file structure-v2.txt (compact mmCIF, C-alpha atoms (C1' of nucleotides))
# COMPACT_ATOMS: atom_id res chain seq x y z
CA MET A 24 -2.70 135.48 -98.96
CA GLY A 25 -2.87 135.82 -102.71
CA ARG A 26 -4.65 133.69 -105.19
CA PRO A 27 -4.59 129.95 -104.48
CA SER A 28 -1.91 128.05 -106.33
CA MET A 29 -2.77 125.74 -109.19
CA ALA A 30 0.78 124.50 -109.38
CA ALA A 31 0.14 120.98 -108.18
CA GLU A 32 -2.68 120.14 -110.59
CA ARG A 33 -1.11 121.99 -113.48
CA THR A 34 2.21 120.28 -113.03
CA GLU A 35 0.51 116.92 -112.99
CA GLN A 36 -1.37 117.82 -116.17
CA ILE A 37 1.82 118.91 -117.84
CA MET A 38 3.74 115.83 -116.83
CA ARG A 39 1.09 113.51 -118.17
CA ALA A 40 0.96 115.44 -121.41
CA THR A 41 4.73 115.30 -121.67
CA GLY A 42 4.62 111.55 -121.30
CA ARG A 43 2.07 111.24 -124.08
CA CYS A 44 4.16 113.44 -126.33
CA LEU A 45 7.33 111.46 -125.75
CA GLN A 46 5.43 108.31 -126.50
CA LYS A 47 3.79 109.52 -129.67
CA HIS A 48 6.31 111.90 -131.13
CA GLY A 49 9.64 111.05 -129.58
CA LEU A 50 12.06 113.37 -127.89
CA ALA A 51 12.43 115.56 -130.93
CA GLY A 52 8.69 115.91 -131.24
CA THR A 53 8.24 116.81 -127.63
CA THR A 54 8.22 120.56 -128.02
CA LEU A 55 6.73 123.04 -125.58
CA GLU A 56 4.20 123.74 -128.26
CA ARG A 57 3.06 120.17 -128.51
CA VAL A 58 2.99 119.63 -124.79
CA SER A 59 0.78 122.67 -124.53
CA GLU A 60 -1.60 121.30 -127.14
CA GLU A 61 -1.68 117.93 -125.51
CA SER A 62 -2.34 119.38 -122.07
CA GLY A 63 -4.85 121.94 -123.21
CA LEU A 64 -2.80 124.72 -121.70
CA SER A 65 -0.93 127.50 -123.41
CA ARG A 66 2.77 127.39 -124.08
CA SER A 67 3.19 130.22 -121.61
CA HIS A 68 1.60 128.04 -118.99
CA ILE A 69 4.23 125.41 -119.43
CA ARG A 70 6.95 127.97 -119.10
CA HIS A 71 5.25 129.49 -116.09
CA TYR A 72 4.86 126.27 -114.16
CA VAL A 73 7.81 124.26 -115.31
CA GLY A 74 10.35 126.49 -116.99
CA ASN A 75 12.17 125.96 -120.22
CA ARG A 76 12.35 122.79 -122.24
CA ASP A 77 15.37 121.35 -120.48
CA GLU A 78 13.76 121.83 -117.11
CA LEU A 79 10.59 120.24 -118.38
CA LEU A 80 12.45 117.10 -119.34
CA ARG A 81 14.40 117.01 -116.10
CA LYS A 82 11.29 117.44 -113.99
CA PHE A 83 9.45 114.88 -116.04
CA THR A 84 12.21 112.37 -115.45
CA THR A 85 12.16 112.70 -111.70
CA TRP A 86 8.37 112.76 -111.75
CA LEU A 87 8.29 109.50 -113.66
CA TYR A 88 10.91 107.79 -111.57
CA THR A 89 9.48 108.74 -108.23
CA GLY A 90 5.97 107.89 -109.30
CA TYR A 91 4.76 104.89 -111.21
CA GLU A 92 8.15 103.47 -111.97
CA ALA A 93 9.23 103.47 -108.34
CA GLU A 94 6.00 101.81 -107.31
CA PHE A 95 7.56 98.50 -108.25
CA ILE A 96 10.49 98.93 -105.91
CA ARG A 97 8.29 100.02 -103.04
CA LYS A 98 6.01 97.05 -103.57
CA ILE A 99 8.85 94.57 -103.42
CA ALA A 100 10.24 96.13 -100.29
CA ALA A 101 6.87 96.01 -98.60
CA ALA A 102 5.88 92.51 -99.67
CA ALA A 103 6.30 89.38 -97.60
CA ASP A 104 9.20 87.18 -98.65
CA ARG A 105 7.15 84.59 -100.46
CA GLU A 106 5.26 87.31 -102.37
CA LYS A 107 8.28 89.14 -103.69
CA LEU A 108 9.20 86.95 -106.64
CA PRO A 109 5.67 86.57 -108.01
CA ILE A 110 5.34 90.35 -107.96
CA VAL A 111 8.59 90.70 -109.85
CA MET A 112 7.60 88.16 -112.44
CA ASP A 113 4.25 89.78 -113.01
CA TYR A 114 5.76 93.20 -113.28
CA LEU A 115 8.50 92.16 -115.65
CA PHE A 116 6.62 89.76 -117.83
CA SER A 117 3.07 90.91 -117.20
CA SER A 118 0.15 88.68 -117.92
CA GLY A 119 0.34 86.63 -121.03
CA PHE A 120 -0.19 88.41 -124.29
CA LEU A 121 -0.80 91.95 -123.21
CA PRO A 122 1.38 94.61 -124.72
CA ILE A 123 4.06 95.70 -122.29
CA SER A 124 3.88 98.95 -120.44
CA ASP A 125 3.27 102.10 -122.43
CA ASP A 126 6.26 103.60 -120.71
CA ASP A 127 8.78 101.70 -122.78
CA ALA A 128 8.84 104.20 -125.57
CA VAL A 129 9.01 107.05 -123.10
CA ILE A 130 11.97 105.54 -121.33
CA ARG A 131 13.79 105.04 -124.59
CA GLU A 132 13.42 108.71 -125.29
CA LEU A 133 14.68 109.62 -121.86
CA ILE A 134 17.80 107.59 -122.46
CA THR A 135 18.41 109.76 -125.47
CA ALA A 136 17.72 112.87 -123.47
CA GLY A 137 20.26 111.62 -120.98
CA ILE A 138 22.97 111.83 -123.61
CA ALA A 139 22.92 115.57 -123.31
CA ASP A 140 21.70 116.02 -119.75
CA ASP A 141 23.67 114.78 -116.78
CA GLY A 142 20.79 115.24 -114.39
CA ILE A 143 18.51 112.96 -116.36
CA ARG A 144 21.18 110.35 -116.77
CA ALA A 145 21.95 110.36 -113.07
CA THR A 146 18.31 109.97 -112.12
CA MET A 147 17.96 106.96 -114.36
CA GLN A 148 21.17 105.37 -113.19
CA VAL A 149 20.07 105.55 -109.60
CA HIS A 150 16.65 104.17 -110.39
CA TYR A 151 17.80 101.21 -112.41
CA THR A 152 20.45 100.31 -109.94
CA SER A 153 17.87 99.96 -107.20
CA ALA A 154 15.38 98.27 -109.50
CA VAL A 155 17.84 95.50 -110.28
CA GLN A 156 18.62 95.34 -106.59
CA ALA A 157 14.94 94.86 -105.86
CA VAL A 158 14.81 91.94 -108.25
CA GLU A 159 17.82 90.48 -106.57
CA ASP A 160 16.13 90.81 -103.20
CA ALA A 161 13.13 88.97 -104.53
CA VAL A 162 15.28 86.18 -105.90
CA ALA A 163 17.12 85.98 -102.59
CA ALA A 164 13.86 85.75 -100.69
CA GLU A 165 12.76 82.80 -102.77
CA HIS A 166 16.11 81.06 -102.95
CA PRO A 167 17.98 81.78 -99.75
CA ALA A 168 20.19 78.77 -100.28
CA ALA A 169 21.53 79.81 -103.67
CA SER A 170 24.94 81.43 -103.90
CA PRO A 171 25.05 85.23 -104.04
CA GLY A 172 26.71 85.05 -107.43
CA ALA A 173 24.02 82.85 -108.89
CA ARG A 174 21.31 85.05 -107.45
CA ARG A 175 22.90 88.13 -108.88
CA THR A 176 23.26 86.54 -112.29
CA THR A 177 19.68 85.38 -112.25
CA ALA A 178 18.32 88.72 -111.11
CA TYR A 179 20.22 90.66 -113.72
CA GLY A 180 19.25 88.08 -116.30
CA LEU A 181 15.58 88.49 -115.48
CA TRP A 182 15.87 92.22 -115.78
CA CYS A 183 17.64 92.07 -119.13
CA LEU A 184 15.11 89.61 -120.47
CA ALA A 185 12.32 92.01 -119.64
CA MET A 186 14.10 95.03 -121.10
CA GLY A 187 15.06 93.20 -124.25
CA ASN A 188 11.58 91.87 -124.76
CA SER A 189 10.01 95.28 -124.34
CA MET A 190 12.39 96.55 -126.98
CA MET A 191 11.42 93.80 -129.37
CA ALA A 192 7.76 94.39 -128.64
CA GLU A 193 8.05 97.77 -130.28
CA PHE A 194 8.70 96.10 -133.60
CA GLN A 195 5.63 94.01 -133.01
CA LEU A 196 7.88 91.05 -133.45
CA PRO A 197 5.78 87.90 -133.36
CA ALA A 198 8.09 86.35 -130.78
CA ALA A 199 7.62 89.28 -128.42
CA SER A 200 3.92 88.85 -127.97
CA GLY A 201 3.91 85.19 -127.00
CA GLY A 202 4.96 83.82 -123.67
CA LEU A 203 8.49 83.19 -124.86
CA VAL A 204 10.28 85.56 -122.51
CA ARG A 205 8.40 84.38 -119.53
CA ALA A 206 9.35 80.83 -120.38
CA ALA A 207 12.98 81.87 -120.69
CA ALA A 208 12.75 83.68 -117.37
CA GLU A 209 11.34 80.64 -115.68
CA ALA A 210 14.08 78.54 -117.17
CA LEU A 211 16.61 80.83 -115.52
CA LEU A 212 14.88 80.54 -112.18
CA GLU A 213 14.50 76.81 -112.45
CA ARG A 214 18.21 76.39 -112.83
CA LEU A 215 18.65 78.22 -109.55
CA SER A 216 16.67 75.54 -107.75
CA HIS A 217 18.59 72.66 -109.27
CA ASP A 218 22.14 73.57 -108.32
CA MET B 30 29.63 110.15 -171.05
CA GLY B 31 29.64 113.10 -168.72
CA ARG B 32 31.49 113.49 -165.51
CA PRO B 33 32.04 110.28 -163.53
CA SER B 34 29.64 109.73 -160.71
CA MET B 35 30.74 110.20 -157.12
CA ALA B 36 27.48 108.83 -155.82
CA ALA B 37 28.88 105.66 -154.32
CA GLU B 38 31.64 107.28 -152.26
CA ARG B 39 29.56 110.27 -151.32
CA THR B 40 26.67 108.17 -150.16
CA GLU B 41 29.00 106.10 -148.06
CA GLN B 42 30.47 109.26 -146.55
CA ILE B 43 27.05 110.61 -145.80
CA MET B 44 25.80 107.39 -144.24
CA ARG B 45 28.77 107.15 -141.92
CA ALA B 46 28.35 110.75 -140.91
CA THR B 47 24.66 110.17 -140.28
CA GLY B 48 25.50 107.28 -138.01
CA ARG B 49 27.91 109.40 -136.01
CA CYS B 50 25.31 112.14 -135.69
CA LEU B 51 22.61 109.78 -134.48
CA GLN B 52 25.02 108.40 -131.96
CA LYS B 53 26.23 111.70 -130.62
CA HIS B 54 23.23 113.95 -130.95
CA GLY B 55 20.22 111.72 -131.20
CA LEU B 56 17.49 111.80 -133.78
CA ALA B 57 16.61 115.39 -133.04
CA GLY B 58 20.20 116.47 -133.42
CA THR B 59 20.65 114.70 -136.71
CA THR B 60 19.95 117.62 -138.98
CA LEU B 61 21.08 117.97 -142.56
CA GLU B 62 23.28 120.75 -141.35
CA ARG B 63 25.05 118.60 -138.82
CA VAL B 64 25.41 115.67 -141.16
CA SER B 65 27.02 118.02 -143.62
CA GLU B 66 29.47 119.26 -140.99
CA GLU B 67 30.26 115.75 -139.89
CA SER B 68 30.82 114.54 -143.42
CA GLY B 69 32.76 117.55 -144.57
CA LEU B 70 30.31 118.11 -147.38
CA SER B 71 27.89 120.94 -147.88
CA ARG B 72 24.26 120.70 -147.02
CA SER B 73 23.44 120.94 -150.69
CA HIS B 74 25.51 117.85 -151.22
CA ILE B 75 23.37 115.87 -148.86
CA ARG B 76 20.28 117.01 -150.62
CA HIS B 77 21.80 116.29 -153.99
CA TYR B 78 22.83 112.74 -153.22
CA VAL B 79 20.26 111.62 -150.73
CA GLY B 80 17.29 113.93 -150.78
CA ASN B 81 15.44 115.45 -147.89
CA ARG B 82 15.75 114.55 -144.26
CA ASP B 83 13.17 111.79 -144.30
CA GLU B 84 14.83 110.11 -147.23
CA LEU B 85 18.17 110.41 -145.51
CA LEU B 86 16.89 108.49 -142.52
CA ARG B 87 15.19 105.87 -144.64
CA LYS B 88 18.26 105.28 -146.74
CA PHE B 89 20.44 105.19 -143.67
CA THR B 90 18.24 102.52 -142.15
CA THR B 91 18.45 100.20 -145.11
CA TRP B 92 22.15 100.95 -145.45
CA LEU B 93 22.73 99.96 -141.84
CA TYR B 94 20.61 96.85 -141.97
CA THR B 95 22.04 95.50 -145.18
CA GLY B 96 25.57 96.27 -144.14
CA TYR B 97 27.22 95.72 -140.80
CA GLU B 98 24.12 94.60 -138.97
CA ALA B 99 23.32 91.90 -141.52
CA GLU B 100 26.87 90.63 -141.38
CA PHE B 101 25.92 88.64 -138.33
CA ILE B 102 23.13 86.80 -140.10
CA ARG B 103 25.28 86.04 -143.10
CA LYS B 104 28.04 84.73 -140.89
CA ILE B 105 25.72 82.33 -139.10
CA ALA B 106 24.31 81.05 -142.33
CA ALA B 107 27.75 80.44 -143.76
CA ALA B 108 29.32 78.87 -140.69
CA ALA B 109 29.64 75.15 -140.04
CA ASP B 110 27.15 73.75 -137.56
CA ARG B 111 29.51 73.56 -134.63
CA GLU B 112 30.71 77.11 -135.24
CA LYS B 113 27.31 78.75 -135.27
CA LEU B 114 26.60 79.02 -131.57
CA PRO B 115 30.03 80.33 -130.58
CA ILE B 116 29.65 83.04 -133.18
CA VAL B 117 26.25 83.98 -131.80
CA MET B 118 27.52 84.11 -128.25
CA ASP B 119 30.46 86.27 -129.19
CA TYR B 120 28.31 88.60 -131.19
CA LEU B 121 25.66 88.97 -128.52
CA PHE B 122 27.81 89.08 -125.45
CA SER B 123 31.11 90.15 -126.93
CA SER B 124 34.35 89.71 -125.09
CA GLY B 125 34.25 90.36 -121.40
CA PHE B 126 34.20 93.93 -120.30
CA LEU B 127 34.21 95.80 -123.54
CA PRO B 128 31.44 98.26 -124.12
CA ILE B 129 28.82 96.85 -126.44
CA SER B 130 28.55 97.90 -130.03
CA ASP B 131 28.49 101.59 -130.78
CA ASP B 132 25.40 100.96 -132.82
CA ASP B 133 23.13 100.58 -129.83
CA ALA B 134 22.43 104.26 -129.50
CA VAL B 135 21.92 104.55 -133.23
CA ILE B 136 19.42 101.74 -133.24
CA ARG B 137 17.51 103.28 -130.38
CA GLU B 138 17.16 106.44 -132.40
CA LEU B 139 15.98 104.51 -135.42
CA ILE B 140 13.26 102.91 -133.36
CA THR B 141 12.08 106.39 -132.56
CA ALA B 142 12.29 107.38 -136.18
CA GLY B 143 10.17 104.35 -136.94
CA ILE B 144 7.32 105.83 -134.91
CA ALA B 145 6.67 108.26 -137.71
CA ASP B 146 8.00 106.34 -140.69
CA ASP B 147 6.49 103.08 -141.83
CA GLY B 148 9.38 102.30 -144.13
CA ILE B 149 11.91 102.44 -141.35
CA ARG B 150 9.76 100.38 -139.04
CA ALA B 151 9.23 97.72 -141.68
CA THR B 152 12.93 97.45 -142.42
CA MET B 153 13.70 96.90 -138.78
CA GLN B 154 10.93 94.39 -138.31
CA VAL B 155 12.22 92.26 -141.13
CA HIS B 156 15.77 92.44 -139.91
CA TYR B 157 15.07 91.50 -136.32
CA THR B 158 12.83 88.69 -137.32
CA SER B 159 15.60 87.06 -139.28
CA ALA B 160 18.21 87.87 -136.65
CA VAL B 161 16.26 85.98 -134.02
CA GLN B 162 15.79 83.22 -136.55
CA ALA B 163 19.54 83.06 -137.05
CA VAL B 164 20.05 82.64 -133.33
CA GLU B 165 17.49 79.88 -133.36
CA ASP B 166 19.33 78.15 -136.17
CA ALA B 167 22.52 78.30 -134.18
CA VAL B 168 20.84 76.84 -131.13
CA ALA B 169 19.32 74.11 -133.27
CA ALA B 170 22.69 73.27 -134.76
CA GLU B 171 24.19 72.77 -131.32
CA HIS B 172 21.21 71.05 -129.76
CA PRO B 173 19.48 69.03 -132.46
CA ALA B 174 17.85 66.83 -129.86
CA ALA B 175 16.09 69.62 -128.00
CA SER B 176 12.43 70.29 -128.66
CA PRO B 177 11.60 73.08 -131.11
CA GLY B 178 9.74 74.94 -128.38
CA ALA B 179 12.69 74.86 -126.01
CA ARG B 180 15.03 75.95 -128.77
CA ARG B 181 12.81 78.84 -129.67
CA THR B 182 12.50 79.94 -126.08
CA THR B 183 16.23 79.74 -125.60
CA ALA B 184 17.01 81.60 -128.80
CA TYR B 185 14.61 84.39 -128.05
CA GLY B 186 15.87 84.49 -124.49
CA LEU B 187 19.44 84.91 -125.65
CA TRP B 188 18.44 87.70 -127.91
CA CYS B 189 16.48 89.55 -125.23
CA LEU B 190 19.31 89.16 -122.78
CA ALA B 191 21.66 90.83 -125.22
CA MET B 192 19.25 93.64 -126.05
CA GLY B 193 18.42 94.29 -122.43
CA ASN B 194 22.04 94.34 -121.43
CA SER B 195 22.98 96.76 -124.15
CA MET B 196 20.21 99.01 -122.91
CA MET B 197 21.49 98.85 -119.36
CA ALA B 198 25.03 99.45 -120.56
CA GLU B 199 23.99 102.92 -121.61
CA PHE B 200 23.41 103.86 -118.01
CA GLN B 201 26.85 102.56 -117.23
CA LEU B 202 25.15 100.34 -114.75
CA PRO B 203 27.79 98.41 -112.83
CA ALA B 204 26.02 95.13 -113.51
CA ALA B 205 26.11 95.71 -117.27
CA SER B 206 29.87 95.81 -117.56
CA GLY B 207 30.63 92.53 -115.79
CA GLY B 208 30.12 89.11 -117.24
CA LEU B 209 26.67 88.79 -115.70
CA VAL B 210 24.65 88.57 -118.89
CA ARG B 211 26.94 86.06 -120.42
CA ALA B 212 26.59 83.92 -117.32
CA ALA B 213 22.82 84.19 -117.54
CA ALA B 214 22.96 83.28 -121.22
CA GLU B 215 25.04 80.23 -120.50
CA ALA B 216 22.62 79.23 -117.79
CA LEU B 217 19.85 79.29 -120.36
CA LEU B 218 21.84 77.14 -122.73
CA GLU B 219 22.88 74.74 -120.05
CA ARG B 220 19.32 74.01 -119.22
CA LEU B 221 18.79 73.00 -122.81
CA SER B 222 21.35 70.23 -122.48
CA HIS B 223 19.89 68.85 -119.28
CA ASP B 224 16.31 68.18 -120.32
C1' DT C 27 36.54 121.69 -179.56
C1' DA C 28 31.70 121.39 -178.55
C1' DA C 29 28.30 119.13 -176.01
C1' DT C 30 26.74 116.80 -172.18
C1' DT C 31 26.30 115.12 -167.74
C1' DG C 32 26.85 115.51 -163.19
C1' DA C 33 29.45 117.86 -159.26
C1' DT C 34 29.66 121.85 -156.50
C1' DT C 35 28.42 126.14 -154.54
C1' DG C 36 25.42 129.77 -153.18
C1' DT C 37 21.18 132.23 -152.10
C1' DC C 38 16.52 133.18 -150.40
C1' DA C 39 12.07 132.60 -148.35
C1' DT C 40 9.60 130.04 -144.96
C1' DT C 41 8.66 127.74 -140.83
C1' DG C 42 8.63 126.09 -136.28
C1' DC C 43 10.26 126.65 -131.98
C1' DG C 44 12.34 128.64 -127.93
C1' DG C 45 13.09 132.52 -124.77
C1' DA C 46 11.70 136.65 -122.49
C1' DA C 47 8.87 140.11 -120.74
C1' DA C 48 4.93 142.91 -120.15
C1' DA C 49 0.24 143.60 -119.21
C1' DG C 50 -4.17 142.20 -117.49
C1' DA C 51 -7.44 139.29 -114.60
C1' DA C 52 -8.73 136.75 -110.46
C1' DA C 53 -8.77 135.47 -105.75
C1' DA C 54 -7.29 135.77 -101.28
C1' DT C 55 -6.10 138.90 -96.92
C1' DG C 56 -6.01 142.91 -93.83
C1' DC D 22 -11.39 148.95 -100.46
C1' DA D 23 -6.46 148.41 -101.07
C1' DT D 24 -2.90 145.16 -101.43
C1' DT D 25 -0.67 141.23 -102.50
C1' DT D 26 0.01 137.11 -104.83
C1' DT D 27 -0.63 134.09 -108.36
C1' DC D 28 -2.77 132.91 -112.62
C1' DT D 29 -3.49 133.91 -117.48
C1' DT D 30 -2.96 136.07 -121.89
C1' DT D 31 -0.47 138.41 -125.37
C1' DT D 32 3.27 140.16 -127.94
C1' DC D 33 7.80 140.41 -129.78
C1' DC D 34 12.30 138.73 -131.12
C1' DG D 35 15.86 135.58 -132.72
C1' DC D 36 17.64 131.34 -134.13
C1' DA D 37 18.25 127.20 -136.64
C1' DA D 38 16.88 124.22 -139.99
C1' DT D 39 14.45 123.05 -144.17
C1' DG D 40 13.29 123.18 -148.98
C1' DA D 41 13.72 124.87 -153.48
C1' DC D 42 16.09 126.89 -157.03
C1' DA D 43 19.70 128.90 -159.78
C1' DA D 44 24.32 129.36 -161.26
C1' DT D 45 28.94 127.82 -161.88
C1' DC D 46 32.55 124.37 -162.43
C1' DA D 47 34.78 119.96 -164.03
C1' DA D 48 35.37 115.83 -166.56
C1' DT D 49 34.28 112.86 -170.17
C1' DT D 50 32.96 111.63 -175.00
C1' DA D 51 31.85 112.37 -179.84

call {"tool": "encode", "arguments": {"input": "structure-v2.txt", "output": "structure tokens"}}
result
Amino acid sequence: MGRPSMAAERTEQIMRATGRCLQKHGLAGTTLERVSEESGLSRSHIRHYVGNRDELLRKFTTWLYTGYEAEFIRKIAAAADREKLPIVMDYLFSSGFLPISDDDAVIRELITAGIADDGIRATMQVHYTSAVQAVEDAVAAEHPAASPGARRTTAYGLWCLAMGNSMMAEFQLPAASGGLVRAAAEALLERLSHD
Amino acid sequence: MGRPSMAAERTEQIMRATGRCLQKHGLAGTTLERVSEESGLSRSHIRHYVGNRDELLRKFTTWLYTGYEAEFIRKIAAAADREKLPIVMDYLFSSGFLPISDDDAVIRELITAGIADDGIRATMQVHYTSAVQAVEDAVAAEHPAASPGARRTTAYGLWCLAMGNSMMAEFQLPAASGGLVRAAAEALLERLSHD
DNA sequence: TAATTGATTGTCATTGCGGAAAAGAAAATG
DNA sequence: CATTTTCTTTTCCGCAATGACAATCAATTA
């Protein structure tokens, strides 16, 4: 009955456009108007499919954190024990000199959005808690003999290294583009083997 | 001749108010109007002393990065060799369970502002480059025997740990409030002594 | 006291954006 | 063909913030 729904495709379109806007123009610059431009739809479309601006940001957040960002956690859970840590390291410190994920800027903006919106903040809290947990699982898989405390410290350290580096990368700091973080990360891990 | 200038005090007032706005309402919420509220001055005052919104943000950035934020770098430079590293560690990982500096949110917003404004981005680039350098100096002072590469890795690692942790602290992530980062940081340093 | 410099206040037009609703078009079903 | 459902387009309104300008007011000096 009725005309077939475009909601799925349209929503996807809108979410992608929203991500690009956040990345290029920041939270402030992510207006319904601009999202509509970026997506090639009309502003009314956005309102029709997603709702008002607050809802757009909320939906975008859950979309992001159940999609690409959660991929990482799923991968770790699915991987064999001896694969877990290499996956983590690649994800966190990617390959060599490549710029880090494009999502960094987007995530920064969402943190800001979370100042005003409890829903967004909650979504992120939950996600990052389990992300750090996933890293810890990977560390545990590789170093079953290490103490829980040391594993936890190492896992959280790895995570912070990656976050901090991605922040510095936005300044195009010379240090951020080299392999420095990865070296630091490996130093952390190495210490886990020694003790 | 003429009426004495209030520029110094007023500018200070305005800068502080701008900082509070950025912290509480984000970049988008930092309007001339709100800054004027927050400072107790009229909007015309802001325009009179600082200029338009873009200039406000530019001036705030340089104000921040030549004031409190640069304090750290000056301190390191002035300190005796054996004092340098303890100062760095305290600055980066503060004391125990306290929330990290209030400036974190502000700085995040400035990064966003830097997307659109070259001046702001340049200011931050310069500052962070020398901040990391200061950390490296401190590490070098404590570990003169270590290789330059290892020192650089450690210094940058320390910095990223601190940045990453402050980011996580904004989610009120349980891991961020404990002493985990500091432990990771000390692990990094420890490894420097061993080799 | 007059002149000057800067502080302070007030006003007005413009713009960009968000919110809401109505009206029209298209595609499915009975 | 009539009906229903959803898509699509259009229009209108209001708000909040900016930018620019003009007009007082206050303190200092010659």

call {"tool": "closest_residue", "arguments": {"input": "structure-v2.txt", "among": "A:Arg57, A:Arg144, A:His71, A:Arg81", "to": "chain D", "atoms": "only C-alpha atoms (C1' of nucleotides)"}}
result
A:His71

call {"tool": "atom_distance", "arguments": {"input": "structure-v2.txt", "atom1": "atom CA of A:Ala168", "atom2": "atom CA of A:Gly180"}}
result
18.6 Å

call {"tool": "atom_distance", "arguments": {"input": "structure-v2.txt", "atom1": "atom C1' of D:DT49", "atom2": "atom CA of B:Ser34"}}
result
11.0 Å

call {"tool": "closest_residue", "arguments": {"input": "structure-v2.txt", "among": "B:Asn194, B:Ser73, B:Ser65, B:Gln154", "to": "chain C", "atoms": "all atoms listed in the file"}}
result
B:Ser73

call {"tool": "atom_distance", "arguments": {"input": "structure-v2.txt", "atom1": "atom CA of B:Ala151", "atom2": "atom CA of A:Ala128"}}
result
17.4 Å

call {"tool": "residues_around", "arguments": {"input": "structure-v2.txt", "residues": "stretch 36-53 of chain A", "least_positions_apart": "3", "cutoff": "6 Å", "atoms": "all atoms listed in the file", "output": "list in words"}}
result
Arg33, Val58, Glu61, Ser62, Phe83, Ala128, Val129 and Glu132 of chain A; Ala57 of chain B

call {"tool": "residues_near_point", "arguments": {"input": "structure-v2.txt", "point": "(29.8, 128.1, -158.7)", "cutoff": "9 Å", "atoms": "all atoms listed in the file", "output": "PDB file with C-alpha atoms (C1' of nucleotides), in the coordinates of the input"}}
result
ATOM      1  C1'  DT C  34      29.660 121.850-156.500  1.00  0.00           C
ATOM      2  C1'  DT C  35      28.420 126.140-154.540  1.00  0.00           C
ATOM      3  C1'  DG C  36      25.420 129.770-153.180  1.00  0.00           C
TER       4       DG C  36
ATOM      5  C1'  DA D  44      24.320 129.360-161.260  1.00  0.00           C
ATOM      6  C1'  DT D  45      28.940 127.820-161.880  1.00  0.00           C
ATOM      7  C1'  DC D  46      32.550 124.370-162.430  1.00  0.00           C
TER       8       DC D  46
END

call {"tool": "decode", "arguments": {"input": "structure-v2.txt", "residues": "stretch 32-43 of chain D", "atoms": "N, CA and C atoms (P, O5', C5', C4', C3', O3' and C1' of nucleotides)", "output": "compact mmCIF listing (two decimals), in the first residue's frame"}}
result
# COMPACT_ATOMS: atom_id res chain seq x y z
P DT D 32 6.71 29.52 -3.86
O5' DT D 32 6.01 29.92 -2.49
C5' DT D 32 4.73 29.36 -2.16
C4' DT D 32 4.37 29.74 -0.73
C3' DT D 32 4.90 31.09 -0.29
O3' DT D 32 3.84 31.88 0.21
C1' DT D 32 5.40 29.44 1.31
P DC D 33 4.09 33.44 0.51
O5' DC D 33 4.08 33.46 2.10
C5' DC D 33 3.06 32.73 2.80
C4' DC D 33 3.43 32.64 4.26
C3' DC D 33 4.01 33.93 4.85
O3' DC D 33 3.18 34.38 5.92
C1' DC D 33 5.30 32.03 5.46
P DC D 34 3.48 35.75 6.61
O5' DC D 34 4.19 35.29 7.96
C5' DC D 34 3.58 34.26 8.74
C4' DC D 34 4.53 33.90 9.87
C3' DC D 34 5.14 35.13 10.55
O3' DC D 34 4.79 35.11 11.93
C1' DC D 34 6.81 33.52 9.98
P DG D 35 5.18 36.34 12.84
O5' DG D 35 6.47 35.79 13.59
C5' DG D 35 6.43 34.47 14.14
C4' DG D 35 7.78 34.15 14.75
C3' DG D 35 8.39 35.35 15.49
O3' DG D 35 8.91 34.88 16.72
C1' DG D 35 9.88 34.58 13.80
P DC D 36 9.39 35.89 17.80
O5' DC D 36 10.88 35.39 18.00
C5' DC D 36 11.16 34.01 17.89
C4' DC D 36 12.63 33.81 17.62
C3' DC D 36 13.50 34.79 18.40
O3' DC D 36 14.47 34.03 19.11
C1' DC D 36 14.10 34.79 16.10
P DA D 37 15.17 34.67 20.40
O5' DA D 37 16.68 34.59 19.95
C5' DA D 37 17.09 33.52 19.09
C4' DA D 37 18.36 33.92 18.39
C3' DA D 37 19.22 34.89 19.21
O3' DA D 37 20.55 34.48 19.07
C1' DA D 37 18.76 35.82 17.09
P DA D 38 21.63 35.04 20.09
O5' DA D 38 22.76 35.53 19.10
C5' DA D 38 23.04 34.77 17.93
C4' DA D 38 23.53 35.68 16.85
C3' DA D 38 24.51 36.75 17.32
O3' DA D 38 25.76 36.55 16.69
C1' DA D 38 22.88 37.66 15.85
P DT D 39 26.99 37.43 17.06
O5' DT D 39 27.26 38.25 15.74
C5' DT D 39 27.06 37.64 14.48
C4' DT D 39 26.92 38.71 13.42
C3' DT D 39 27.97 39.82 13.51
O3' DT D 39 28.75 39.77 12.34
C1' DT D 39 25.77 40.69 13.15
P DG D 40 30.12 40.54 12.31
O5' DG D 40 29.72 41.91 11.61
C5' DG D 40 28.86 41.87 10.49
C4' DG D 40 28.48 43.27 10.09
C3' DG D 40 29.55 44.33 10.36
O3' DG D 40 29.66 45.16 9.22
C1' DG D 40 27.51 44.97 11.38
P DA D 41 30.85 46.20 9.06
O5' DA D 41 30.08 47.58 9.03
C5' DA D 41 28.79 47.64 8.42
C4' DA D 41 28.10 48.91 8.85
C3' DA D 41 29.05 50.08 9.15
O3' DA D 41 28.63 51.21 8.44
C1' DA D 41 27.52 49.77 10.93
P DC D 42 29.56 52.50 8.38
O5' DC D 42 28.62 53.58 9.07
C5' DC D 42 27.21 53.45 8.99
C4' DC D 42 26.56 54.17 10.14
C3' DC D 42 27.28 55.47 10.55
O3' DC D 42 26.38 56.54 10.37
C1' DC D 42 26.65 54.16 12.44
P DA D 43 26.95 58.03 10.46
O5' DA D 43 26.04 58.58 11.65
C5' DA D 43 24.72 58.04 11.83
C4' DA D 43 24.26 58.38 13.24
C3' DA D 43 24.75 59.74 13.75
O3' DA D 43 23.67 60.39 14.39
C1' DA D 43 25.35 58.03 15.26
